[in-house]
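J.: Got a file for you: structure_7.txt, compact mmCIF, C-alpha atoms and all ligand atoms.
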```
# COMPACT_ATOMS: atom_id res chain seq x y z
CA MET A 1259 24.50 2.30 6.13
CA ALA A 1260 24.73 2.96 9.87
CA GLU A 1261 22.36 1.14 12.19
CA ILE A 1262 21.41 2.70 15.53
CA SER A 1263 23.89 5.49 16.01
CA SER A 1264 24.72 6.45 19.57
CA ASN A 1265 23.34 9.87 18.62
CA TYR A 1266 19.91 8.55 17.70
CA ALA A 1267 17.15 9.65 20.04
CA PRO A 1268 13.39 9.55 19.54
CA LEU A 1269 11.79 12.97 19.33
CA THR A 1270 9.12 14.15 21.76
CA VAL A 1271 6.81 17.14 21.47
CA GLU A 1272 9.02 18.83 24.05
CA THR A 1273 12.40 18.16 22.41
CA LEU A 1274 11.42 18.53 18.75
CA PRO A 1275 11.64 22.34 18.37
CA ALA A 1276 15.09 22.64 19.92
CA ARG A 1277 16.40 19.62 18.01
CA LEU A 1278 15.11 20.64 14.59
CA GLY A 1279 14.96 24.43 14.93
CA ARG A 1280 18.43 24.98 13.45
CA ILE A 1281 17.76 22.99 10.29
CA ASP A 1282 17.31 25.57 7.54
CA ALA A 1283 15.03 23.45 5.36
CA ILE A 1284 12.61 23.16 8.28
CA SER A 1285 12.88 26.64 9.79
CA ALA A 1286 12.38 28.10 6.29
CA ARG A 1287 8.84 26.72 6.50
CA LEU A 1288 8.08 27.20 10.20
CA GLY A 1289 10.08 30.32 11.04
CA ALA A 1290 13.21 30.55 13.17
CA ASP A 1291 11.32 31.40 16.38
CA ILE A 1292 10.90 27.92 17.82
CA SER A 1293 8.87 29.22 20.74
CA ALA A 1294 6.04 29.67 18.22
CA TRP A 1295 6.17 26.01 17.07
CA GLN A 1296 3.33 23.77 18.24
CA CYS A 1297 3.88 20.01 18.05
CA VAL A 1298 1.34 17.21 18.18
CA GLU A 1299 2.17 13.53 17.85
CA VAL A 1300 -0.43 11.97 15.58
CA GLY A 1301 1.10 8.62 14.56
CA ASP A 1302 -1.72 6.12 14.37
CA GLY A 1303 0.07 3.64 12.10
CA ASN A 1304 1.82 0.51 13.24
CA LEU A 1305 5.44 1.61 13.18
CA ASN A 1306 6.54 5.24 13.60
CA LEU A 1307 6.34 8.56 15.38
CA VAL A 1308 4.56 11.22 13.33
CA PHE A 1309 4.38 14.87 14.42
CA ILE A 1310 2.47 17.77 12.94
CA VAL A 1311 4.49 20.89 13.66
CA SER A 1312 2.61 24.16 13.20
CA SER A 1313 3.60 27.79 13.47
CA PRO A 1314 2.13 31.05 12.16
CA ALA A 1315 4.42 30.56 9.14
CA GLY A 1316 3.31 27.07 8.12
CA GLN A 1317 3.04 23.37 8.90
CA VAL A 1318 5.40 20.45 8.44
CA ILE A 1319 5.17 16.69 9.04
CA ILE A 1320 8.05 15.14 10.94
CA LYS A 1321 8.16 11.38 10.69
CA GLN A 1322 10.69 9.41 12.72
CA ALA A 1323 11.27 5.67 12.73
CA LEU A 1324 11.45 3.94 16.10
CA PRO A 1325 13.89 1.04 16.58
CA TYR A 1326 10.95 -1.33 17.12
CA VAL A 1327 7.42 -2.01 15.86
CA ARG A 1328 5.22 0.54 17.61
CA LEU A 1329 2.14 -1.69 17.42
CA VAL A 1330 3.88 -4.46 19.35
CA GLY A 1331 6.56 -2.71 21.42
CA ASP A 1332 10.30 -3.15 21.91
CA SER A 1333 9.99 -6.94 21.94
CA TRP A 1334 9.93 -6.64 18.11
CA PRO A 1335 13.02 -4.66 17.03
CA LEU A 1336 12.93 -3.07 13.57
CA PRO A 1337 15.83 -1.23 11.92
CA LEU A 1338 15.77 2.54 11.62
CA LYS A 1339 16.97 2.26 8.03
CA ARG A 1340 13.34 1.98 6.87
CA ALA A 1341 13.33 5.79 6.88
CA TYR A 1342 16.11 5.64 4.27
CA PHE A 1343 13.99 3.44 1.99
CA GLU A 1344 10.95 5.66 2.48
CA TYR A 1345 13.00 8.74 1.60
CA HIS A 1346 14.33 7.13 -1.59
CA ALA A 1347 10.88 5.88 -2.57
CA LEU A 1348 9.32 9.34 -2.06
CA ILE A 1349 11.92 10.94 -4.31
CA ARG A 1350 11.31 8.40 -7.07
CA GLN A 1351 7.51 8.53 -6.81
CA ALA A 1352 7.59 12.34 -6.97
CA ALA A 1353 9.56 12.15 -10.22
CA ARG A 1354 7.28 9.49 -11.72
CA ASP A 1355 3.94 11.12 -10.83
CA PRO A 1356 4.60 14.71 -9.67
CA GLY A 1357 2.38 16.25 -7.02
CA LEU A 1358 0.97 13.01 -5.60
CA VAL A 1359 3.34 12.33 -2.70
CA PRO A 1360 4.58 14.69 0.03
CA GLU A 1361 7.51 16.88 -0.91
CA VAL A 1362 10.57 15.98 1.19
CA TYR A 1363 12.15 19.01 2.88
CA TYR A 1364 14.86 17.26 4.89
CA PHE A 1365 16.15 13.77 5.65
CA SER A 1366 18.47 12.55 8.42
CA GLU A 1367 19.61 8.98 8.09
CA GLU A 1368 21.20 9.00 11.54
CA GLN A 1369 18.02 10.17 13.27
CA ALA A 1370 15.69 8.31 10.85
CA ILE A 1371 13.77 11.56 10.37
CA ILE A 1372 11.94 12.77 7.28
CA ALA A 1373 10.53 16.31 7.30
CA MET A 1374 7.86 16.60 4.64
CA GLU A 1375 4.83 18.38 3.28
CA PHE A 1376 1.70 18.35 5.44
CA PHE A 1377 -1.45 17.62 3.48
CA THR A 1378 -4.35 19.59 4.91
CA PRO A 1379 -7.34 19.34 5.24
CA HIS A 1380 -6.80 15.79 3.97
CA ILE A 1381 -7.77 12.76 6.02
CA ILE A 1382 -6.89 9.07 5.68
CA LEU A 1383 -9.05 7.43 3.00
CA ARG A 1384 -9.97 4.56 5.35
CA HIS A 1385 -11.74 7.06 7.63
CA LYS A 1386 -13.52 8.63 4.68
CA LEU A 1387 -14.81 5.19 3.66
CA MET A 1388 -16.10 4.57 7.19
CA ALA A 1389 -17.87 7.95 7.17
CA ARG A 1390 -19.48 7.05 3.80
CA GLU A 1391 -18.05 10.10 2.04
CA ARG A 1392 -17.15 10.22 -1.64
CA VAL A 1393 -13.98 11.59 -3.20
CA GLU A 1394 -14.11 13.12 -6.66
CA GLY A 1395 -11.38 11.82 -8.98
CA LEU A 1396 -10.18 9.20 -6.48
CA ALA A 1397 -10.10 6.23 -8.86
CA GLU A 1398 -8.49 8.09 -11.73
CA THR A 1399 -5.76 9.58 -9.54
CA LEU A 1400 -4.92 6.25 -7.91
CA GLY A 1401 -5.10 4.28 -11.17
CA ASN A 1402 -2.79 6.78 -12.90
CA PHE A 1403 -0.37 6.86 -9.97
CA LEU A 1404 -0.15 3.08 -9.93
CA ALA A 1405 0.37 2.85 -13.69
CA ARG A 1406 3.00 5.62 -13.75
CA THR A 1407 5.03 4.33 -10.82
CA VAL A 1408 4.83 0.71 -11.93
CA PHE A 1409 5.72 1.49 -15.56
CA ARG A 1410 8.37 4.16 -14.98
CA GLY A 1411 10.08 2.11 -12.24
CA SER A 1412 10.56 -0.93 -14.47
CA ASP A 1413 12.72 -2.18 -17.32
CA LEU A 1414 9.92 -1.10 -19.66
CA SER A 1415 11.10 2.44 -19.18
CA MET A 1416 14.26 2.85 -17.10
CA ASP A 1417 17.85 2.74 -18.16
CA THR A 1418 18.62 -0.83 -17.11
CA ALA A 1419 21.94 -0.05 -15.41
CA LYS A 1420 20.17 2.53 -13.25
CA ARG A 1421 17.39 0.11 -12.49
CA LYS A 1422 19.83 -2.61 -11.46
CA ARG A 1423 21.66 -0.20 -9.14
CA ASP A 1424 18.29 0.75 -7.68
CA VAL A 1425 17.32 -2.88 -7.13
CA ALA A 1426 20.59 -3.21 -5.19
CA LEU A 1427 19.71 -0.19 -3.05
CA PHE A 1428 16.25 -1.45 -2.09
CA VAL A 1429 17.22 -5.11 -1.73
CA ASP A 1430 18.68 -4.22 1.64
CA SER A 1431 15.21 -3.64 3.08
CA VAL A 1432 15.26 -7.16 4.44
CA GLU A 1433 13.28 -6.67 7.65
CA LEU A 1434 10.40 -4.76 6.04
CA ASN A 1435 10.19 -7.36 3.27
CA ASP A 1436 10.16 -10.01 5.97
CA ILE A 1437 7.13 -8.37 7.63
CA THR A 1438 5.15 -8.62 4.39
CA GLU A 1439 6.43 -12.09 3.53
CA THR A 1440 5.46 -13.34 6.97
CA LEU A 1441 2.30 -11.43 7.89
CA VAL A 1442 0.70 -11.44 4.45
CA PHE A 1443 1.73 -14.74 2.92
CA SER A 1444 2.46 -17.20 5.76
CA ASP A 1445 0.99 -16.38 9.18
CA PRO A 1446 -2.70 -16.46 8.17
CA TYR A 1447 -2.35 -20.07 7.03
CA PHE A 1448 -1.24 -21.62 10.33
CA ASP A 1449 -1.56 -20.97 14.04
CA ALA A 1450 1.12 -18.24 14.12
CA GLU A 1451 1.86 -16.56 17.44
CA ARG A 1452 0.85 -13.04 16.39
CA ASN A 1453 -2.43 -14.02 14.72
CA HIS A 1454 -5.76 -12.98 16.15
CA HIS A 1455 -9.31 -13.05 14.84
CA THR A 1456 -12.84 -12.19 15.85
CA ASP A 1457 -14.65 -14.77 17.97
CA GLY A 1458 -17.15 -16.56 15.83
CA LEU A 1459 -14.79 -16.96 12.87
CA GLY A 1460 -13.27 -20.11 14.41
CA PRO A 1461 -14.93 -22.67 12.09
CA ILE A 1462 -14.06 -20.61 8.99
CA VAL A 1463 -10.47 -20.18 10.14
CA ALA A 1464 -10.16 -23.94 10.68
CA ARG A 1465 -11.54 -24.54 7.19
CA LEU A 1466 -9.11 -22.09 5.59
CA ARG A 1467 -6.12 -23.58 7.40
CA ALA A 1468 -7.12 -27.03 6.18
CA ASP A 1469 -7.49 -25.77 2.60
CA ILE A 1470 -4.52 -27.17 0.70
CA ASP A 1471 -5.35 -25.39 -2.59
CA LEU A 1472 -5.46 -22.06 -0.78
CA LYS A 1473 -2.17 -22.62 1.02
CA VAL A 1474 -0.36 -23.73 -2.12
CA GLU A 1475 -1.67 -20.78 -4.16
CA ALA A 1476 -0.86 -18.31 -1.38
CA HIS A 1477 2.69 -19.62 -1.50
CA HIS A 1478 2.89 -19.34 -5.27
CA LEU A 1479 2.00 -15.67 -4.71
CA LYS A 1480 4.65 -15.37 -2.01
CA ALA A 1481 7.22 -16.74 -4.47
CA LYS A 1482 6.18 -14.09 -7.01
CA PHE A 1483 6.43 -11.38 -4.36
CA ALA A 1484 9.85 -12.51 -3.18
CA ASN A 1485 11.38 -13.32 -6.58
CA ASN A 1486 9.92 -11.01 -9.24
CA ALA A 1487 11.75 -7.71 -8.92
CA GLU A 1488 9.82 -6.15 -11.81
CA THR A 1489 9.35 -2.61 -10.58
CA LEU A 1490 9.70 -0.29 -7.61
CA LEU A 1491 6.53 -0.75 -5.55
CA HIS A 1492 5.07 1.36 -2.78
CA GLY A 1493 4.86 -1.92 -0.89
CA ASP A 1494 2.00 -1.08 1.51
CA PHE A 1495 -0.62 0.44 -0.76
CA HIS A 1496 -3.74 0.16 1.35
CA THR A 1497 -6.41 2.78 2.02
CA GLY A 1498 -4.47 3.93 5.10
CA SER A 1499 -1.67 5.03 2.76
CA VAL A 1500 -3.95 7.42 0.87
CA MET A 1501 -5.03 10.89 2.09
CA VAL A 1502 -8.02 12.70 0.62
CA THR A 1503 -10.33 15.66 0.67
CA GLU A 1504 -13.63 15.72 -1.24
CA THR A 1505 -11.71 16.52 -4.42
CA ASP A 1506 -8.05 15.69 -3.89
CA THR A 1507 -6.05 12.48 -3.45
CA LYS A 1508 -2.48 12.00 -2.19
CA VAL A 1509 -0.31 8.97 -1.48
CA ILE A 1510 1.85 8.60 1.64
CA ASP A 1511 4.03 6.15 3.59
CA PRO A 1512 6.16 4.11 1.15
CA GLU A 1513 8.50 2.75 3.84
CA PHE A 1514 7.81 -0.82 2.65
CA ALA A 1515 9.08 0.10 -0.84
CA LEU A 1516 10.74 -2.77 -2.70
CA TYR A 1517 11.25 -4.13 -6.17
CA GLY A 1518 8.44 -6.61 -6.71
CA PRO A 1519 5.72 -7.79 -9.09
CA MET A 1520 3.70 -5.18 -10.99
CA GLY A 1521 0.34 -6.45 -9.70
CA PHE A 1522 1.19 -6.11 -6.01
CA ASP A 1523 0.29 -2.48 -5.19
CA ILE A 1524 -2.89 -2.43 -7.23
CA GLY A 1525 -3.94 -5.81 -5.84
CA MET A 1526 -3.44 -4.66 -2.28
CA LEU A 1527 -5.47 -1.51 -2.96
CA LEU A 1528 -8.37 -3.37 -4.59
CA GLY A 1529 -8.42 -5.86 -1.71
CA ASN A 1530 -8.74 -2.98 0.75
CA PHE A 1531 -11.62 -1.47 -1.22
CA TRP A 1532 -13.43 -4.81 -1.28
CA MET A 1533 -12.93 -5.14 2.50
CA ALA A 1534 -14.30 -1.62 2.98
CA TYR A 1535 -17.28 -2.68 0.84
CA PHE A 1536 -17.98 -5.74 3.02
CA ALA A 1537 -17.56 -3.66 6.20
CA GLN A 1538 -20.29 -1.17 5.22
CA PRO A 1539 -23.08 -2.95 7.16
CA GLY A 1540 -21.11 -1.95 10.25
CA HIS A 1541 -21.09 1.71 9.17
CA GLY A 1542 -24.68 2.49 8.22
CA ASN A 1543 -25.41 -0.05 5.50
CA ASP A 1544 -25.90 2.50 2.72
CA ALA A 1545 -26.41 0.51 -0.51
CA ASP A 1546 -25.65 3.50 -2.74
CA TYR A 1547 -22.35 4.05 -0.97
CA GLN A 1548 -21.46 0.39 -1.26
CA ALA A 1549 -22.18 0.59 -4.98
CA TRP A 1550 -19.88 3.64 -5.17
CA ILE A 1551 -17.01 1.65 -3.67
CA LEU A 1552 -17.42 -0.98 -6.40
CA GLU A 1553 -17.48 1.79 -9.02
CA VAL A 1554 -14.20 3.07 -7.61
CA VAL A 1555 -12.72 -0.41 -7.88
CA ALA A 1556 -13.78 -0.70 -11.53
CA ASP A 1557 -12.51 2.80 -12.32
CA VAL A 1558 -9.14 2.26 -10.61
CA TRP A 1559 -8.56 -0.75 -12.83
CA ALA A 1560 -9.81 1.10 -15.94
CA SER A 1561 -7.56 4.11 -15.26
CA PHE A 1562 -4.62 1.85 -14.51
CA THR A 1563 -4.95 -0.06 -17.77
CA ALA A 1564 -5.58 3.09 -19.84
CA GLU A 1565 -2.55 4.89 -18.44
CA PHE A 1566 -0.31 1.82 -18.54
CA SER A 1567 -1.31 1.28 -22.19
CA HIS A 1568 -0.63 4.94 -22.98
CA LEU A 1569 2.84 4.73 -21.42
CA TRP A 1570 3.48 1.44 -23.23
CA ARG A 1571 2.78 3.16 -26.55
CA THR A 1572 4.65 6.39 -25.81
CA GLU A 1573 7.43 5.76 -23.25
CA ARG A 1574 8.74 2.25 -23.88
CA THR A 1575 12.43 3.14 -23.76
CA GLY A 1576 13.76 0.27 -21.64
CA ILE A 1577 15.16 -3.14 -22.52
CA LEU A 1578 11.79 -4.92 -22.55
CA TYR A 1579 9.62 -5.38 -25.67
CA GLU A 1580 11.77 -2.90 -27.63
CA GLU A 1581 10.02 -1.26 -30.56
CA SER A 1582 13.03 -2.05 -32.80
CA MET A 1583 12.53 -5.79 -32.34
CA TYR A 1584 9.01 -5.68 -33.81
CA GLU A 1585 10.21 -4.38 -37.22
CA GLY A 1586 7.02 -3.22 -38.92
CA GLN A 1587 4.75 -5.37 -36.71
CA PRO A 1588 2.75 -2.83 -34.71
CA LEU A 1589 0.21 -5.47 -33.71
CA ALA A 1590 2.91 -7.49 -31.98
CA SER A 1591 3.53 -4.84 -29.38
CA GLU A 1592 -0.25 -4.55 -28.78
CA GLN A 1593 -0.41 -8.32 -28.31
CA ALA A 1594 2.45 -8.14 -25.81
CA LEU A 1595 0.72 -5.27 -23.99
CA SER A 1596 -2.55 -7.12 -23.66
CA GLN A 1597 -0.81 -10.25 -22.38
CA ARG A 1598 1.24 -8.21 -19.88
CA LEU A 1599 -1.94 -6.59 -18.59
CA SER A 1600 -3.57 -10.02 -18.19
CA MET A 1601 -0.60 -11.19 -16.13
CA ILE A 1602 -0.79 -8.09 -13.95
CA TRP A 1603 -4.55 -8.62 -13.56
CA GLU A 1604 -4.22 -12.23 -12.40
CA ASP A 1605 -1.42 -11.37 -9.98
CA ALA A 1606 -3.38 -8.37 -8.69
CA LEU A 1607 -6.42 -10.55 -7.92
CA GLY A 1608 -4.23 -13.01 -6.04
CA PHE A 1609 -2.52 -10.26 -4.04
CA ALA A 1610 -5.92 -8.70 -3.28
CA GLY A 1611 -7.04 -12.09 -1.95
CA VAL A 1612 -4.08 -12.66 0.37
CA GLU A 1613 -4.39 -9.08 1.64
CA MET A 1614 -8.08 -9.65 2.49
CA ILE A 1615 -7.28 -12.85 4.35
CA ARG A 1616 -4.32 -11.47 6.30
CA ARG A 1617 -6.18 -8.32 7.43
CA THR A 1618 -8.67 -10.61 9.17
CA LEU A 1619 -6.49 -13.43 10.50
CA SER A 1620 -2.94 -12.11 10.92
CA LEU A 1621 -1.49 -9.34 13.13
CA ALA A 1622 -2.60 -6.06 11.53
CA HIS A 1623 -6.33 -5.69 10.89
CA ILE A 1624 -8.28 -2.79 9.36
CA ALA A 1625 -10.17 -0.04 11.15
CA GLU A 1626 -13.30 -0.61 9.03
CA ASN A 1627 -13.76 -4.01 10.70
CA ASP A 1628 -12.12 -3.33 14.09
CA SER A 1629 -14.48 -0.42 14.74
CA ILE A 1630 -17.63 -2.57 14.38
CA GLU A 1631 -18.60 -3.11 18.01
CA ASP A 1632 -21.28 -5.74 17.42
CA GLU A 1633 -19.08 -8.82 17.31
CA ALA A 1634 -21.50 -11.01 15.36
CA LEU A 1635 -21.89 -8.32 12.71
CA ARG A 1636 -18.13 -7.81 12.54
CA ALA A 1637 -17.61 -11.55 12.13
CA ALA A 1638 -20.19 -11.64 9.31
CA CYS A 1639 -18.47 -8.77 7.45
CA GLU A 1640 -15.08 -10.39 7.90
CA ALA A 1641 -16.42 -13.80 6.80
CA ARG A 1642 -17.51 -12.25 3.51
CA GLY A 1643 -14.04 -10.81 3.00
CA LEU A 1644 -12.48 -14.20 3.76
CA ASP A 1645 -14.81 -15.92 1.30
CA MET A 1646 -13.91 -13.48 -1.46
CA GLY A 1647 -10.22 -13.51 -0.54
CA ARG A 1648 -10.10 -17.28 -0.84
CA GLN A 1649 -11.83 -17.25 -4.21
CA LEU A 1650 -9.47 -14.58 -5.53
CA VAL A 1651 -6.37 -16.50 -4.48
CA VAL A 1652 -7.49 -19.89 -5.73
CA ASN A 1653 -9.40 -18.88 -8.88
CA ARG A 1654 -7.45 -15.80 -9.95
CA THR A 1655 -6.67 -17.15 -13.42
CA ARG A 1656 -10.35 -17.70 -14.25
CA MET A 1657 -12.20 -14.83 -12.61
CA GLY A 1658 -13.20 -12.85 -15.71
CA ASP A 1659 -13.01 -9.07 -15.85
CA ILE A 1660 -13.40 -6.44 -13.16
CA SER A 1661 -17.19 -6.27 -13.49
CA GLN A 1662 -17.42 -10.02 -12.97
CA VAL A 1663 -15.25 -9.78 -9.88
CA ASN A 1664 -17.43 -6.95 -8.54
CA ASP A 1665 -20.48 -9.13 -9.25
CA LEU A 1666 -18.88 -11.84 -7.15
CA ALA A 1667 -18.45 -9.32 -4.32
CA GLN A 1668 -22.15 -8.45 -4.58
CA GLN A 1669 -23.18 -12.11 -4.51
CA ILE A 1670 -21.03 -12.78 -1.46
CA ASN A 1671 -22.38 -9.65 0.23
CA LYS A 1672 -25.94 -10.97 -0.12
CA GLY A 1673 -25.12 -14.52 0.83
CA VAL A 1674 -22.83 -15.22 3.72
CA SER A 1675 -24.02 -15.26 7.27
CA LEU A 1676 -22.56 -17.03 10.25
C1 LIG B 1 4.21 -4.91 12.02
S1 LIG B 1 3.63 -3.90 10.80
C2 LIG B 1 2.08 -4.50 10.35
C3 LIG B 1 1.55 -3.92 9.13
O1 LIG B 1 1.49 -2.51 9.25
C4 LIG B 1 1.98 -1.90 8.07
O2 LIG B 1 1.18 -0.86 7.68
C5 LIG B 1 2.04 -3.00 7.04
O3 LIG B 1 0.80 -3.16 6.39
C6 LIG B 1 2.37 -4.16 7.89
O4 LIG B 1 2.08 -5.41 7.26
MG MG B 2 2.19 2.72 6.73
```
Just give me the structure of the file as structure tokens.

T.:
Amino acid sequence: MAEISSNYAPLTVETLPARLGRIDAISARLGADISAWQCVEVGDGNLNLVFIVSSPAGQVIIKQALPYVRLVGDSWPLPLKRAYFEYHALIRQAARDPGLVPEVYYFSEEQAIIAMEFFTPHIILRHKLMARERVEGLAETLGNFLARTVFRGSDLSMDTAKRKRDVALFVDSVELNDITETLVFSDPYFDAERNHHTDGLGPIVARLRADIDLKVEAHHLKAKFANNAETLLHGDFHTGSVMVTETDTKVIDPEFALYGPMGFDIGMLLGNFWMAYFAQPGHGNDADYQAWILEVVADVWASFTAEFSHLWRTERTGILYEESMYEGQPLASEQALSQRLSMIWEDALGFAGVEMIRRTLSLAHIAENDSIEDEALRAACEARGLDMGRQLVVNRTRMGDISQVNDLAQQINKGVSL
């Protein structure tokens, strides 16, 4: 795969129409008259350029990778090939749960450009959670998506030769994996250069960095992440990778896609919901809305397990837990299912915990906390997330079920102050 080609050039709102106007797959949606195209750059993530291109005929998203991390600048180079992994992940996710991810209209590896479906009037779920607005069907859609992608991207379902070739394709995403391995699993646990945290958290941060159990468990989780290529993951499944209206839910941005452990995506998502829950005092302190977030958490897990179990019983065509091996022992496959789900559950809790810790101590934080202007209040919300994150990482094998974990969140929410 080519790295930066001498032809690569970042798009601008001025150059985009002329550069993309002759691509049929794009002009078919926007019209051939490029003078009628309006471009706005809306990228508010950490890495890429994102343009909404509108014309009387329609709208298209143009996403282009930059050769560096946008959040940091050109002092942190990052390969353009992440667009290639995002493109391949989008194609696979669309096949595994149709209608949930943007349709890809065009991909250029050389220019690291993906032209894709524009979801409107959707907004990023994180912003919805800050505005205290509910989304009908959110938990069910996300739980089903996670179960379908995790199951259908694994050796439970896929032809194993295809899966192995796919593992080889995604294994090349070294630099994006390295971001997660470093920012999520290592940096928060020592005085890493890119770390930053809210003033007032100093004593808690010192305590966490001195916590040997936490550091060892975080590294056990890192080993699982790095070594267990169980399924094709989204890889960055937080509430900024979900777009919603009041009644519709979509999933975007799988550029961190990799083969990894089945509990990773769902753990990251649950961790982000729990952080949004703890951040609510900074966004109006509406107890009913906070309770709704915990309901969503419980329902995501319930939908995930129901759909995963359904697929286990109806689509288990891969090399794992083959029906033929259980000759006339239907209960054996149910036993295997329930044990698999327990393993995913424990991993998911651990991954939720490390996500909650890193979004407070490492480089990339979350808007729910960053937007709380009152620093003491922000520190209190973040301290609750750190408390829960630590407990999830260290005690993940003895936490009980989802309602017990939500109870823990409620206890912590009442208790911690600085
Ligand atoms: C340098 S990138 C920082 C974070 O932004 C992305 O969305 C991922 O979450 C990554 O860890
Ligand atoms: Mg992203």

J.: Enumerate as an mmCIF file with C-alpha atoms, in the frame of the given file the residues within 6 Å of ligand LIG 1 (chain B), counting only C-alpha atoms and all ligand atoms.

T.:
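Listed below is the output, part04.cif:
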```
data_model
loop_
_atom_site.group_PDB
_atom_site.id
_atom_site.type_symbol
_atom_site.label_atom_id
_atom_site.label_comp_id
_atom_site.auth_asym_id
_atom_site.auth_seq_id
_atom_site.Cartn_x
_atom_site.Cartn_y
_atom_site.Cartn_z
ATOM 1 C CA ASN A 1304 1.820 0.510 13.240
ATOM 2 C CA VAL A 1327 7.420 -2.010 15.860
ATOM 3 C CA ILE A 1437 7.130 -8.370 7.630
ATOM 4 C CA THR A 1438 5.150 -8.620 4.390
ATOM 5 C CA ASP A 1494 2.000 -1.080 1.510
ATOM 6 C CA ALA A 1622 -2.600 -6.060 11.530
#
```

J.: List all protein, DNA and RNA residues that have any atom at most 8 Å from ligand MG 2 (chain B), counting all atoms listed in the file, and write the list as a PDB file with C-alpha atoms, in the frame of the given file.

T.:
```pdb
ATOM      1  CA  GLY A1303       0.070   3.640  12.100  1.00  0.00           C
ATOM      2  CA  ASN A1304       1.820   0.510  13.240  1.00  0.00           C
ATOM      3  CA  LEU A1305       5.440   1.610  13.180  1.00  0.00           C
ATOM      4  CA  ASP A1494       2.000  -1.080   1.510  1.00  0.00           C
ATOM      5  CA  GLY A1498      -4.470   3.930   5.100  1.00  0.00           C
ATOM      6  CA  SER A1499      -1.670   5.030   2.760  1.00  0.00           C
ATOM      7  CA  ILE A1510       1.850   8.600   1.640  1.00  0.00           C
ATOM      8  CA  ASP A1511       4.030   6.150   3.590  1.00  0.00           C
ATOM      9  CA  PRO A1512       6.160   4.110   1.150  1.00  0.00           C
ATOM     10  CA  GLU A1513       8.500   2.750   3.840  1.00  0.00           C
ATOM     11  CA  PHE A1514       7.810  -0.820   2.650  1.00  0.00           C
TER      12      PHE A1514
END
```

J.: I'd like the interatomic distance between atom CA of Ser1285 of chain A and atom CA of Ile1372 of chain A, to a tenth of an Å.

T.: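 Atom-to-atom, atom CA of Ser1285 of chain A to atom CA of Ile1372 of chain A, that is 14.1 Å.
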
J.: Set the distance at 8 Å and use all atoms listed in the file: which residues neighbour Gln1322 of chain A once local chain neighbours fewer than 6 positions away are removed? I'd like the list as a list in words.

T.: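 Within the cut-off, the hits are Pro1268, Leu1269, Asn1306, Leu1307, Val1308, Ala1341, Gln1369, Ala1370, Ile1371 and Ile1372 of chain A.
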
J.: Do a neighbour search on segment 1597-1607 of chain A at 6 Å with all atoms listed in the file, toss out local chain neighbours closer than 5 positions, and write the hits as an MDAnalysis selection string.

T.: chainID A and resid 1521:1522 1525 1650 1654:1655

J.: Rounded to one decimal place, report the atom CA of Ala1537 of chain A-atom CA of Arg1636 of chain A distance in Å.

T.: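 Computed distance, atom CA of Ala1537 of chain A to atom CA of Arg1636 of chain A, equals 7.6 Å.
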
J.: Return as JSON the box centre and box size in Å, one decimal, for an axis-aligned box around all listed atoms of segment 1475-1484 of chain A padded by 5 Å per side.

T.:
```
{"center_x": 4.1, "center_y": -16.1, "center_z": -4.2, "size_x": 21.5, "size_y": 19.4, "size_z": 15.6}
```

J.: Per residue of segment 1365-1459 of chain A within 7 Å of segment 1464-1482 of chain A, note the shortest atom pair and the distance in Å to one decimal, counting all atoms listed in the file, and order the rows by chain and increasing residue number, as CSV.

T.:
```
residue,atom,partner,partner_atom,distance
A:Glu1439,CA,A:Lys1480,CA,6.7
A:Phe1443,CA,A:Lys1480,CA,5.8
A:Tyr1447,CA,A:Arg1467,CA,5.2
A:Phe1448,CA,A:Arg1467,CA,6.0
```

J.: Quick one: distance from atom CA of Met1646 of chain A to atom CA of Glu1613 of chain A in Å, one decimal?

T.: 10.9 Å

J.: Hey, what's within 7 Å of segment 1408-1421 of chain A if we count all atoms listed in the file and toss same-chain stuff fewer than 5 positions away? As an NGL selection string, please?

T.: :A and (1354 or 1488-1491 or 1520 or 1566 or 1573-1578)

J.: May I ask which of the residues A:Asp1282, A:Asp1436, A:Glu1553, A:Asp1445 is the closest one to Asp1665 of chain A, counting only C-alpha atoms?

T.: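 Answer, going by the shortest atom-to-atom distance: A:Glu1553.
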
J.: Counting all atoms listed in the file, find residues at most 12 Å from (-22.3, -2.3, 3.3) (file frame) and give them as an MDAnalysis selection string.

T.: chainID A and resid 1387:1390 1531:1552 1626:1627 1635:1636 1638:1640 1642:1643 1667:1668 1670:1672
